[in-house]
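Report on one structure; see the data block that follows.
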Amino acid sequence: MSETPITIEADSEPTVKFADFGLAPEILRALTDQGYIHPTPIQAAAIPIVLQGRDVMGAAQTGTGKTAGFSLPIIQLLLAHASPSMSPARHPVRALVLTPTRELAVQVAENVKAYAQHTPLRSTVVFGGMDMKGQTIILKGGVEIVIATPGRLLDHIEQKNVSLGQVQMLVMDEADRMLDMGFLPDLQRIINLLPKKRQNLMFSATFSPEIKKLANSFLTDPVTIEVARSNATADKVTQIVYKVAEEAKRDVVEFLIRGRDLKQVLVFSNTKIGASRLSRHLEQGGIKATAIHGDKTQQERMAALDAFKKGEIDVLVATDVAARGLDISDLPCVINFDLPYNAEDYVHRIGRTGRAGASGDALSVYSDKDERLLVDIEKLIKQTITRGELAGFVASSSASAGRGEPSGERRPRRDDSAAGSGAARPPGRTPERERSGERSFTSSSSGGSSGPRSGPYPRRDKVDPWFLTPYEPAKKTTPAVADQVSTSTKPKQKIAVLLGGSPKQ
DNA sequence: AAAAAAT
């Protein structure tokens with residue numbers, strides 16, 4: 001065991017193949033089915049370690065292939081080692097994966113199911129917000145792998161629908177998030193029900209003191225696998241912030257979305273009500289949008305996510321329920337309708353774009369009162385985000401008020417939350433026409449060259465909104481989280497995985 | 001200050 005970190009570069013030639021790990025043919029077949037041949041760096045690092053039976057503390061972002069990194073070796077180990085003979089159940093739970101959100105649980109479960117499809121291993125997912133009956137039947141039928149959110153799992157345990165006395169492997173996914181959400185007591189209760197002798201894998205985006213404490217109490221002699229933050233924030237994602245009047249934010253967001261030619265956009269709102277309102281606002285503008293947040297029923301949440309993934313809707317307006325973990329692939333653009341209160345969440349949010357080598361845009365609108373949030377974010381990511389300017393929109397409400405021109409907040413405008421829809425919008429007009437006729441914004445007095453001034457929206461075919469932005473190449477800096485990660489718990493063995501670019505000098 | 005999660 002070496003104290004020297006092993007560094008794996010993401011852009012080095014992929015020499016390792018899944019076939020090299022000694023995985024069972026059934027697993028390899030599942031991978032081939034999905035066209036996977038080469039592991040991602042974290043998979044290449046984690047799979048052999050997990051196969052050795054070691055505990056793992058993984059600092060890994062979503063989108064790094066983390067899920068396969070732990071599920072493949074878990075499936076392999078379960079296949080290779082028979083279940084404990086004393087078990088009365090034919091299919092006792094032998095591996096347990098805990099996640100902070102229901103959607104993440106579903107997603108992990110889908111992956112596990114796919115990887116184990118050619119094996120006799122059974123898996124299921126349990127989470128709240130759904131009827132317990134179906135979950136109960138499957139649990140009682142016996143499953144080797146359970147993916148769960150903590151609360152509902154405890155519910156099933158209390159109802160004696162499942163027993164965890166045979167669990168050999170425990171995964172805590174997004175552990176930092178679980179702590180944030182106050183799951184620590186639940187985690188403690190669940191872990192108390194597990195056999196003392198077991199393998200533990202813990203994944204976290206950050207290595208806060210609390211996480212270290214958790215790792216120290218739950219992990220035995222862990223190998224730390226560091227995944228430097230993908231350079232997404234530095235290279236591949238173009239980040240721009242737009243300062244606008246608070247009241248104009250939603251119209252600016254709409255404008256930005258239209259500028260994207262309605263390609264799939266994920267929009268983040270800090271509040272559930274804000275997400276719903278913005279979604280409704282966009283829908284009323286003829287944009288196929290929907291909202292996802294914790295006040296929606298689980299059915300609605302799943303339907304929204306599904307529709308977005310299928311491309312049936314163009315815009316998903318989400319609270320931070322979707323900030324982490326959700327694998328929505330190939331997103332070209334993320335927009336922050338609100339800057340997150342927690343700077344760390346900014347990184348998670350924009351991590352939804354620029355994934356898997358693709359480029360992406362992360363756009364944010366903010367107003368005067370959010371100045372401090374922006375400072376915090378820039379401090380965290382150690383770079384200055386490009387300030388974008390939008391012709392046709394003013395940066396602050398006071399400026400527009402001072403000129404006595406109509407501005408977003410003054411113009412009487414039906415609130416989106418109101419049910420009525422008749423008065424403000426004459427029927428029969430196309431949404432496009434509605435927009436230009438109905439809204440007015442204070443336009444910049446200078447430089448009216450960016451489009452027709454008859455309305456707030458420059459015509460898309462005439463104007464590329466991106467020309468408005470003076471592009472400065474983003475500064476390349478070592479990501480802040482990677483810094484924290486390097487000071488991780490005293491590991492016997494340490495592996496650093498650098499993703500998404502060359503190591504910094 | 002807000003969101004998530006068992007009900």
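Following the order of the structure tokens, first chain is A, next is B, and so on, with residues numbered from 1 inside each chain and ligands from 1 in the order they appear.
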
Practice task
Using DSSP on the backbone coordinates, identify all residues within region 140-367 of chain A classified as strand (DSSP E or B); present the result as a PyMOL selection string.
Solution key: chain A and resi 145-148+169-172+199-204+223-228+237-243+265-268+289-292+315-318+331+333-336+353+360-366

Mind writing the picked residues with N, CA and C atoms as a short mmCIF file (atom, residue, chain, number, x, y, z; two decimals), in the first residue's frame?
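Saved to again27.cif:
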```cif
data_model
loop_
_atom_site.label_atom_id
_atom_site.label_comp_id
_atom_site.auth_asym_id
_atom_site.auth_seq_id
_atom_site.Cartn_x
_atom_site.Cartn_y
_atom_site.Cartn_z
N ILE A 145 -30.62 -7.21 -3.78
CA ILE A 145 -30.14 -5.83 -3.78
C ILE A 145 -31.31 -4.88 -3.58
N VAL A 146 -31.23 -4.04 -2.57
CA VAL A 146 -32.27 -3.04 -2.34
C VAL A 146 -31.66 -1.65 -2.47
N ILE A 147 -32.32 -0.83 -3.26
CA ILE A 147 -31.95 0.57 -3.37
C ILE A 147 -33.08 1.36 -2.71
N ALA A 148 -32.75 2.26 -1.79
CA ALA A 148 -33.82 2.85 -0.99
C ALA A 148 -33.51 4.26 -0.53
N MET A 169 -23.06 -5.76 1.99
CA MET A 169 -22.48 -4.56 1.40
C MET A 169 -23.45 -3.39 1.55
N LEU A 170 -22.91 -2.27 1.98
CA LEU A 170 -23.72 -1.06 2.14
C LEU A 170 -23.13 0.07 1.31
N VAL A 171 -23.98 0.74 0.56
CA VAL A 171 -23.54 1.91 -0.19
C VAL A 171 -24.31 3.13 0.31
N MET A 172 -23.60 4.16 0.66
CA MET A 172 -24.23 5.44 0.98
C MET A 172 -23.89 6.41 -0.15
N GLN A 199 -19.05 -4.82 4.00
CA GLN A 199 -18.25 -3.89 3.23
C GLN A 199 -19.03 -2.59 3.03
N ASN A 200 -18.37 -1.47 3.24
CA ASN A 200 -19.06 -0.18 3.15
C ASN A 200 -18.47 0.70 2.05
N LEU A 201 -19.34 1.27 1.26
CA LEU A 201 -18.91 2.21 0.24
C LEU A 201 -19.65 3.51 0.47
N MET A 202 -18.90 4.57 0.58
CA MET A 202 -19.55 5.86 0.82
C MET A 202 -19.11 6.84 -0.26
N PHE A 203 -20.09 7.50 -0.85
CA PHE A 203 -19.77 8.50 -1.86
C PHE A 203 -20.28 9.86 -1.43
N SER A 204 -19.48 10.86 -1.69
CA SER A 204 -19.85 12.20 -1.29
C SER A 204 -19.21 13.18 -2.25
N VAL A 223 -10.26 2.87 1.57
CA VAL A 223 -9.46 3.42 0.48
C VAL A 223 -10.17 4.67 -0.01
N THR A 224 -9.44 5.73 -0.10
CA THR A 224 -10.06 6.96 -0.59
C THR A 224 -9.85 7.09 -2.09
N ILE A 225 -10.91 7.22 -2.80
CA ILE A 225 -10.82 7.44 -4.24
C ILE A 225 -11.23 8.87 -4.51
N GLU A 226 -10.30 9.63 -4.97
CA GLU A 226 -10.59 11.04 -5.21
C GLU A 226 -10.92 11.25 -6.66
N VAL A 227 -11.99 11.89 -6.90
CA VAL A 227 -12.31 12.28 -8.25
C VAL A 227 -12.30 13.79 -8.27
N ALA A 228 -11.23 14.32 -8.81
CA ALA A 228 -11.18 15.76 -8.91
C ALA A 228 -12.40 16.20 -9.69
N VAL A 237 -17.86 24.09 -19.72
CA VAL A 237 -19.12 24.80 -19.53
C VAL A 237 -18.87 26.30 -19.61
N THR A 238 -19.57 26.93 -20.49
CA THR A 238 -19.50 28.38 -20.60
C THR A 238 -20.47 28.97 -19.59
N GLN A 239 -19.92 29.67 -18.62
CA GLN A 239 -20.77 30.24 -17.58
C GLN A 239 -20.97 31.73 -17.80
N ILE A 240 -22.20 32.15 -17.73
CA ILE A 240 -22.51 33.57 -17.85
C ILE A 240 -23.55 33.94 -16.80
N VAL A 241 -23.35 35.09 -16.19
CA VAL A 241 -24.39 35.61 -15.29
C VAL A 241 -24.94 36.91 -15.86
N TYR A 242 -26.24 37.07 -15.72
CA TYR A 242 -26.91 38.27 -16.19
C TYR A 242 -27.56 38.97 -15.01
N LYS A 243 -27.17 40.21 -14.80
CA LYS A 243 -27.81 40.96 -13.72
C LYS A 243 -29.04 41.67 -14.28
N VAL A 265 -33.58 22.45 -21.90
CA VAL A 265 -33.00 23.32 -20.90
C VAL A 265 -33.51 22.92 -19.52
N LEU A 266 -32.60 22.84 -18.58
CA LEU A 266 -32.98 22.59 -17.19
C LEU A 266 -32.85 23.91 -16.44
N VAL A 267 -33.94 24.34 -15.83
CA VAL A 267 -33.94 25.62 -15.12
C VAL A 267 -34.08 25.34 -13.63
N PHE A 268 -33.24 26.01 -12.83
CA PHE A 268 -33.32 25.81 -11.39
C PHE A 268 -33.95 27.02 -10.70
N ALA A 289 -43.01 23.17 -21.14
CA ALA A 289 -42.27 23.18 -19.89
C ALA A 289 -43.05 22.46 -18.81
N THR A 290 -42.34 21.98 -17.82
CA THR A 290 -43.01 21.43 -16.65
C THR A 290 -42.09 21.59 -15.45
N ALA A 291 -42.69 21.48 -14.27
CA ALA A 291 -41.91 21.69 -13.06
C ALA A 291 -41.75 20.38 -12.30
N ILE A 292 -40.64 20.29 -11.58
CA ILE A 292 -40.44 19.13 -10.71
C ILE A 292 -39.94 19.62 -9.36
N VAL A 315 -38.37 22.15 -21.52
CA VAL A 315 -37.84 22.85 -20.35
C VAL A 315 -38.33 22.19 -19.08
N LEU A 316 -37.40 21.82 -18.23
CA LEU A 316 -37.77 21.29 -16.92
C LEU A 316 -37.36 22.33 -15.88
N VAL A 317 -38.34 22.81 -15.14
CA VAL A 317 -38.04 23.78 -14.09
C VAL A 317 -38.01 23.03 -12.76
N ALA A 318 -36.86 23.08 -12.09
CA ALA A 318 -36.68 22.21 -10.94
C ALA A 318 -36.20 22.97 -9.73
N LEU A 331 -27.32 17.39 -21.71
CA LEU A 331 -28.01 18.66 -21.57
C LEU A 331 -27.12 19.77 -22.11
N CYS A 333 -27.76 22.96 -21.89
CA CYS A 333 -27.89 24.24 -21.19
C CYS A 333 -28.61 24.11 -19.85
N VAL A 334 -28.04 24.74 -18.85
CA VAL A 334 -28.69 24.86 -17.55
C VAL A 334 -28.85 26.34 -17.25
N ILE A 335 -30.01 26.71 -16.76
CA ILE A 335 -30.24 28.11 -16.40
C ILE A 335 -30.62 28.21 -14.94
N ASN A 336 -29.98 29.10 -14.23
CA ASN A 336 -30.37 29.38 -12.86
C ASN A 336 -31.32 30.57 -12.83
N THR A 353 -24.76 19.95 -17.06
CA THR A 353 -24.40 20.19 -18.45
C THR A 353 -22.90 20.01 -18.62
N GLY A 360 -21.22 22.80 -22.78
CA GLY A 360 -22.53 23.22 -22.29
C GLY A 360 -22.52 24.67 -21.87
N ASP A 361 -23.69 25.21 -21.68
CA ASP A 361 -23.81 26.57 -21.22
C ASP A 361 -24.53 26.58 -19.88
N ALA A 362 -24.00 27.33 -18.96
CA ALA A 362 -24.65 27.52 -17.67
C ALA A 362 -24.93 29.00 -17.51
N LEU A 363 -26.19 29.36 -17.58
CA LEU A 363 -26.57 30.76 -17.54
C LEU A 363 -27.31 31.03 -16.25
N SER A 364 -27.05 32.19 -15.66
CA SER A 364 -27.73 32.52 -14.42
C SER A 364 -28.24 33.95 -14.48
N VAL A 365 -29.41 34.17 -13.94
CA VAL A 365 -29.88 35.54 -13.77
C VAL A 365 -29.87 35.85 -12.29
N TYR A 366 -29.58 37.07 -11.97
CA TYR A 366 -29.60 37.46 -10.57
C TYR A 366 -29.90 38.95 -10.49
#
```

Would you kindly return, as a tab-separated table (two decimals) with C-alpha atoms, in the first residue's frame, each protein, DNA or RNA residue with an atom no farther than 8 Å from any atom of DA2 (chain B), considering only C-alpha atoms (C1' of nucleotides) and excluding same-chain residues fewer than 3 positions away?
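Saved as selection-v1.tsv:
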```tsv
chain	number	residue	atom	x	y	z
A	270	ASN	CA	-34.78	28.12	-5.27
A	271	THR	CA	-38.37	27.61	-4.31
A	341	TYR	CA	-28.18	29.98	-1.48
```

Using only C-alpha atoms (C1' of nucleotides), determine which residues lie at most 7 Å from DA4 (chain B), disregarding the query and same-chain residues fewer than 3 positions distant; provide the list as a PDB file with all heavy atoms, in the first residue's frame.
```
ATOM      1  N   THR A 101     -32.436  11.148  -2.464  1.00  0.00           N
ATOM      2  CA  THR A 101     -33.711  11.490  -3.110  1.00  0.00           C
ATOM      3  C   THR A 101     -34.311  10.281  -3.812  1.00  0.00           C
ATOM      4  O   THR A 101     -33.619   9.343  -4.179  1.00  0.00           O
ATOM      5  CB  THR A 101     -33.555  12.621  -4.151  1.00  0.00           C
ATOM      6  OG1 THR A 101     -32.757  12.156  -5.238  1.00  0.00           O
ATOM      7  CG2 THR A 101     -32.944  13.860  -3.529  1.00  0.00           C
ATOM      8  N   MET A 181     -29.769  16.767   4.554  1.00  0.00           N
ATOM      9  CA  MET A 181     -31.203  16.564   4.649  1.00  0.00           C
ATOM     10  C   MET A 181     -31.610  15.963   5.996  1.00  0.00           C
ATOM     11  O   MET A 181     -32.760  15.578   6.178  1.00  0.00           O
ATOM     12  CB  MET A 181     -31.681  15.687   3.492  1.00  0.00           C
ATOM     13  CG  MET A 181     -31.612  16.423   2.162  1.00  0.00           C
ATOM     14  SD  MET A 181     -31.758  15.385   0.715  1.00  0.00           S
ATOM     15  CE  MET A 181     -33.390  14.732   0.946  1.00  0.00           C
ATOM     16  N   VAL A 321     -34.150  19.519  -5.881  1.00  0.00           N
ATOM     17  CA  VAL A 321     -34.392  18.076  -5.903  1.00  0.00           C
ATOM     18  C   VAL A 321     -33.634  17.470  -7.081  1.00  0.00           C
ATOM     19  O   VAL A 321     -33.230  16.310  -7.043  1.00  0.00           O
ATOM     20  CB  VAL A 321     -35.905  17.752  -6.008  1.00  0.00           C
ATOM     21  CG1 VAL A 321     -36.468  18.175  -7.343  1.00  0.00           C
ATOM     22  CG2 VAL A 321     -36.150  16.272  -5.797  1.00  0.00           C
TER      23      VAL A 321
END
```

Distance query His293 (chain A) at most 10 Å, only C-alpha atoms (C1' of nucleotides), self and fewer than 5 positions along chain excluded, as a CSV table (one decimal) with all heavy atoms, in the first residue's frame:
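Below is the file selection.csv, written as the result:
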```csv
chain,number,residue,atom,x,y,z
A,269,SER,N,-34.9,26.7,-9.8
A,269,SER,CA,-35.5,27.7,-9.0
A,269,SER,C,-35.2,27.4,-7.5
A,269,SER,O,-35.1,26.2,-7.2
A,269,SER,CB,-37.0,27.8,-9.2
A,269,SER,OG,-37.6,28.4,-8.1
A,271,THR,N,-37.2,27.9,-5.1
A,271,THR,CA,-38.4,27.6,-4.3
A,271,THR,C,-39.3,26.8,-5.2
A,271,THR,O,-39.3,26.9,-6.4
A,271,THR,CB,-39.1,28.9,-3.9
A,271,THR,OG1,-39.6,29.6,-5.0
A,271,THR,CG2,-38.3,29.8,-3.0
A,272,LYS,N,-40.1,26.0,-4.5
A,272,LYS,CA,-41.1,25.2,-5.2
A,272,LYS,C,-42.1,26.0,-5.9
A,272,LYS,O,-42.5,25.8,-7.0
A,272,LYS,CB,-41.8,24.3,-4.1
A,272,LYS,CG,-40.8,23.2,-3.5
A,272,LYS,CD,-41.5,22.3,-2.6
A,272,LYS,CE,-41.6,23.0,-1.2
A,272,LYS,NZ,-41.8,22.0,-0.1
A,273,ILE,N,-42.6,27.1,-5.2
A,273,ILE,CA,-43.6,27.9,-5.7
A,273,ILE,C,-43.0,28.7,-7.0
A,273,ILE,O,-43.7,28.8,-8.0
A,273,ILE,CB,-44.1,28.9,-4.7
A,273,ILE,CG1,-45.4,29.7,-5.2
A,273,ILE,CG2,-43.1,29.9,-4.2
A,273,ILE,CD1,-46.6,29.0,-4.9
A,275,ALA,N,-40.7,27.6,-8.9
A,275,ALA,CA,-40.5,26.6,-10.0
A,275,ALA,C,-41.9,26.5,-10.7
A,275,ALA,O,-42.0,26.5,-11.9
A,275,ALA,CB,-40.0,25.3,-9.5
A,276,SER,N,-42.9,26.3,-9.9
A,276,SER,CA,-44.2,26.1,-10.5
A,276,SER,C,-44.7,27.4,-11.3
A,276,SER,O,-45.2,27.2,-12.4
A,276,SER,CB,-45.3,25.9,-9.4
A,276,SER,OG,-45.2,24.5,-9.0
A,298,GLN,N,-45.4,12.0,-6.3
A,298,GLN,CA,-44.3,11.2,-6.8
A,298,GLN,C,-44.6,10.8,-8.3
A,298,GLN,O,-43.7,10.8,-9.1
A,298,GLN,CB,-44.1,10.0,-6.0
A,298,GLN,CG,-42.8,9.3,-6.2
A,298,GLN,CD,-41.6,10.2,-6.0
A,298,GLN,OE1,-41.6,11.1,-5.2
A,298,GLN,NE2,-40.6,10.1,-6.9
A,300,GLU,N,-46.3,12.6,-10.4
A,300,GLU,CA,-46.0,13.8,-11.2
A,300,GLU,C,-44.5,14.0,-11.4
A,300,GLU,O,-44.0,14.4,-12.5
A,300,GLU,CB,-46.6,15.1,-10.6
A,300,GLU,CG,-48.1,15.2,-10.6
A,300,GLU,CD,-48.6,16.3,-9.8
A,300,GLU,OE1,-48.1,16.6,-8.7
A,300,GLU,OE2,-49.6,16.9,-10.3
A,301,ARG,N,-43.7,13.8,-10.3
A,301,ARG,CA,-42.3,14.0,-10.4
A,301,ARG,C,-41.7,13.0,-11.4
A,301,ARG,O,-40.9,13.4,-12.3
A,301,ARG,CB,-41.7,13.7,-9.1
A,301,ARG,CG,-41.8,14.9,-8.1
A,301,ARG,CD,-41.6,14.6,-6.7
A,301,ARG,NE,-40.2,14.1,-6.4
A,301,ARG,CZ,-39.6,14.0,-5.2
A,301,ARG,NH1,-40.3,14.4,-4.2
A,301,ARG,NH2,-38.4,13.6,-5.1
A,304,ALA,N,-42.7,13.9,-15.0
A,304,ALA,CA,-42.0,15.1,-15.5
A,304,ALA,C,-40.6,14.8,-15.9
A,304,ALA,O,-40.1,15.1,-17.0
A,304,ALA,CB,-41.9,16.2,-14.4
A,317,VAL,N,-38.3,22.8,-15.1
A,317,VAL,CA,-38.0,23.8,-14.1
A,317,VAL,C,-38.0,23.0,-12.8
A,317,VAL,O,-39.0,22.4,-12.4
A,317,VAL,CB,-39.1,24.9,-14.0
A,317,VAL,CG1,-38.7,26.0,-13.1
A,317,VAL,CG2,-39.3,25.5,-15.4
A,318,ALA,N,-36.9,23.1,-12.1
A,318,ALA,CA,-36.7,22.2,-10.9
A,318,ALA,C,-36.2,23.0,-9.7
A,318,ALA,O,-35.5,24.0,-9.8
A,318,ALA,CB,-35.7,21.1,-11.3
A,319,THR,N,-36.5,22.5,-8.6
A,319,THR,CA,-35.8,22.9,-7.4
A,319,THR,C,-34.6,22.1,-7.2
A,319,THR,O,-34.3,21.3,-8.1
A,319,THR,CB,-36.7,22.7,-6.1
A,319,THR,OG1,-37.0,21.2,-6.1
A,319,THR,CG2,-38.0,23.4,-6.2
A,320,ASP,N,-33.9,22.2,-6.1
A,320,ASP,CA,-32.7,21.4,-6.0
A,320,ASP,C,-32.9,19.9,-5.8
A,320,ASP,O,-32.0,19.2,-5.6
A,320,ASP,CB,-31.8,22.0,-4.8
A,320,ASP,CG,-31.0,23.2,-5.3
A,320,ASP,OD1,-30.6,23.2,-6.4
A,320,ASP,OD2,-30.9,24.1,-4.5
A,321,VAL,N,-34.2,19.5,-5.9
A,321,VAL,CA,-34.4,18.1,-5.9
A,321,VAL,C,-33.6,17.5,-7.1
A,321,VAL,O,-33.2,16.3,-7.0
A,321,VAL,CB,-35.9,17.8,-6.0
A,321,VAL,CG1,-36.5,18.2,-7.3
A,321,VAL,CG2,-36.1,16.3,-5.8
A,322,ALA,N,-33.4,18.3,-8.1
A,322,ALA,CA,-32.8,17.8,-9.3
A,322,ALA,C,-31.3,18.3,-9.4
A,322,ALA,O,-30.7,18.0,-10.4
A,322,ALA,CB,-33.5,18.2,-10.6
B,3,DA,P,-38.6,26.0,-0.7
B,3,DA,OP1,-39.3,26.5,-1.9
B,3,DA,OP2,-39.2,25.9,0.6
B,3,DA,O5',-37.9,24.6,-1.1
B,3,DA,C5',-37.0,24.5,-2.1
B,3,DA,C4',-36.3,23.2,-2.0
B,3,DA,O4',-35.3,23.2,-1.0
B,3,DA,C3',-37.2,22.0,-1.7
B,3,DA,O3',-37.2,21.1,-2.8
B,3,DA,C2',-36.7,21.4,-0.5
B,3,DA,C1',-35.3,22.0,-0.2
B,3,DA,N9,-35.1,22.4,1.1
B,3,DA,C8,-36.0,23.1,2.0
B,3,DA,N7,-35.5,23.3,3.2
B,3,DA,C5,-34.2,22.8,3.1
B,3,DA,C6,-33.2,22.7,4.1
B,3,DA,N6,-33.3,23.2,5.3
B,3,DA,N1,-32.1,22.1,3.7
B,3,DA,C2,-31.9,21.6,2.4
B,3,DA,N3,-32.8,21.6,1.5
B,3,DA,C4,-34.0,22.2,1.9
B,4,DA,P,-38.3,20.0,-2.8
B,4,DA,OP1,-38.5,19.6,-4.2
B,4,DA,OP2,-39.4,20.4,-2.0
B,4,DA,O5',-37.5,18.8,-2.1
B,4,DA,C5',-36.4,18.2,-2.7
B,4,DA,C4',-35.8,17.1,-1.8
B,4,DA,O4',-35.3,17.8,-0.6
B,4,DA,C3',-36.9,16.2,-1.2
B,4,DA,O3',-36.7,15.0,-1.9
B,4,DA,C2',-36.5,16.0,0.2
B,4,DA,C1',-35.5,17.0,0.5
B,4,DA,N9,-36.0,18.0,1.6
B,4,DA,C8,-37.2,18.5,1.7
B,4,DA,N7,-37.4,19.3,2.7
B,4,DA,C5,-36.1,19.3,3.3
B,4,DA,C6,-35.5,19.9,4.4
B,4,DA,N6,-36.2,20.7,5.2
B,4,DA,N1,-34.2,19.7,4.7
B,4,DA,C2,-33.5,18.9,3.9
B,4,DA,N3,-33.9,18.3,2.8
B,4,DA,C4,-35.2,18.5,2.6
```

Problem - Which of region 123-336 of chain A fall in alpha helix (DSSP H), as JSON, numbers by chain - result: {"A": [132, 133, 134, 135, 136, 137, 138, 139, 140, 141, 150, 151, 152, 153, 154, 155, 156, 157, 158, 175, 176, 177, 178, 179, 180, 184, 185, 186, 187, 188, 189, 190, 191, 192, 209, 210, 211, 212, 213, 214, 215, 216, 217, 218, 249, 250, 251, 252, 253, 254, 255, 256, 257, 258, 259, 272, 273, 274, 275, 276, 277, 278, 279, 280, 281, 282, 283, 284, 298, 299, 300, 301, 302, 303, 304, 305, 306, 307, 308, 309, 310]}

Exercise for the section: Can you pull out every residue within 6 Å of region 29-37 of chain A, counting only C-alpha atoms (C1' of nucleotides), but drop anything in the same chain fewer than 2 positions away, and send it as a PyMOL selection string? Expected result: chain A and resi 17-18+25-27+115

Export of the given selection (C-alpha atoms) as a tab-separated table (two decimals), in the first residue's frame:
```tsv
chain	number	residue	atom	x	y	z
A	17	LYS	CA	-11.55	-2.68	-20.63
A	18	PHE	CA	-14.39	-3.97	-18.50
A	25	PRO	CA	-19.67	-13.23	-18.30
A	26	GLU	CA	-23.27	-12.34	-17.43
A	27	ILE	CA	-22.15	-8.91	-16.29
A	115	TYR	CA	-26.27	-4.65	-15.08
```

Practice task
Go through A:Val56, A:Ile313, A:Ile381, A:Ala358 one by one, measure the shortest atom-to-atom distance of each to Lys263 (chain A) using only C-alpha atoms, and give the residue with the smallest value.
Solution key: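 Smallest separation from Lys263 (chain A) among the options: A:Ile313.
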
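Across the structure, CA of Lys213 (chain A) and CA of Leu78 (chain A) are spaced 28.8 Å apart.
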
Exercise for the section: List the neighbours of DA5 (chain B) out to 8 Å using only C-alpha atoms (C1' of nucleotides); skip same-chain residues closer than 3 positions along the sequence, and give me the result as a list in words. Expected result: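 Selected residues are Pro100, Thr101, Gly128, Thr149, Pro150, Gly151 and Met181 of chain A.
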